[in-house]
Structure formats: structure tokens, C-alpha cells
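Take a look at the structure below.
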Amino acid sequence: MLSDIFTVFGIIVAALVVYRFRHAIVRAIRRFDARNAERIAEQEAERHDPVAHFKHTLRAAEEQVEAVSEITVADTRLGTPVTRYLFEGQQFGARWEAENARAAKVRAIARNYYVELPQALAERASPESVRGSANPAPRNPSNTPSAESNVVPFRRGNETLH
């Protein structure tokens, strides 16, 4: 009996909290829905774009590289504050120099992805063995001769090794 009262009280409190924050909740749901619709539209456009894979790779590589930050340091000659741009611990005098260094880093990461892609696809396409690794299962030496062996298996009249 008392637990039923607490349950009803909890439901009423939860309903009041939802009612109190209903505008914020609805705005959050609408933002989520708009992002979702934008993502779906972008995926539809990428289906017809032949270079979409490269764009996606560059975006993924760009997420892995830190942004250029602006710092103020004292000038070595005059001691006055000077704005410098910092990327990966290196200071640059102009923003475009730092952005060029960042772009070179992004391109290097994307290029490495495509260098490693054939090997990754080859490993993925190889048949799975019983042990779960990508290495093929070892052959039974009694049924098939090894490459180093010069023993020819016994064959009857019209049997072949195929």
C-alpha cells in the first residue's frame, strides 16, 4: 500500500519535471532531428559523389589533428606582447603558416590510410580458419604432399589430384 503511494508520487514528480522543462526538451529533440536529417541528406549526396570517400577520409584525419591555437608571448627583441600561432608545440609567426603545417599533417594521415588500405582489405578478405585467425588452417600432411616433398601419391587409373 505504501509502496503504491510512493510509486504514484514518483510518477507525478517525474511528470512535473518533464512539464517544467518541456520547452528545453522539445528544442533538444528538434536539434537532434535536424542533425539527423542533415546527416541523412549528406549520405544521400555522397552516394552520387565519386570522391566522397576521399572527403570522408580527410574529415576523419582532420578530427585526429589538433587545431591551431593563438598565444601571446613577449617579443625577444623588444619585450612587447606579440601574437604567435601554436601547432603541435611549434610556434609560427603567421596563422597561414600554422594552418599550412596542420593541413600537411592532415594530408599525411589521410595518405597513410590509403597506403595501409590494401593490406587491411587483404587481411579482411582472407578466409577465416577454425581458430578464428586470418591465417589459413594448416593442411593435413597425410592427404596432400608438401611443396618440399618429391613423393608422388599413389593414383589409380582415372583418378586425378584435383
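Convention: chains lettered A, B, ... in C-alpha cells order; per-chain residue numbering from 1; ligands numbered from 1 as shown.
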
Selection: 8 Å around segment 52-66 of chain A, only C-alpha atoms, excl. self and same-chain fewer than 3 positions, as a PyMOL selection string: chain A and resi 46-47+49+87-88+102+105-107+109-110

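Going from atom CA of Ile71 of chain A over to atom CA of Thr83 of chain A, you cover 5.7 Å.
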
With a distance cut-off of 8 Å and only C-alpha atoms, select the neighbouring residues of Tyr85 of chain A, excluding the residue or stretch itself and same-chain residues fewer than 2 positions from it, and output the selection as a PyMOL selection string. chain A and resi 68-71+83+87+91-95+98

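The space between atom CA of Ala103 of chain A and atom CA of Ala67 of chain A spans 10.3 Å.
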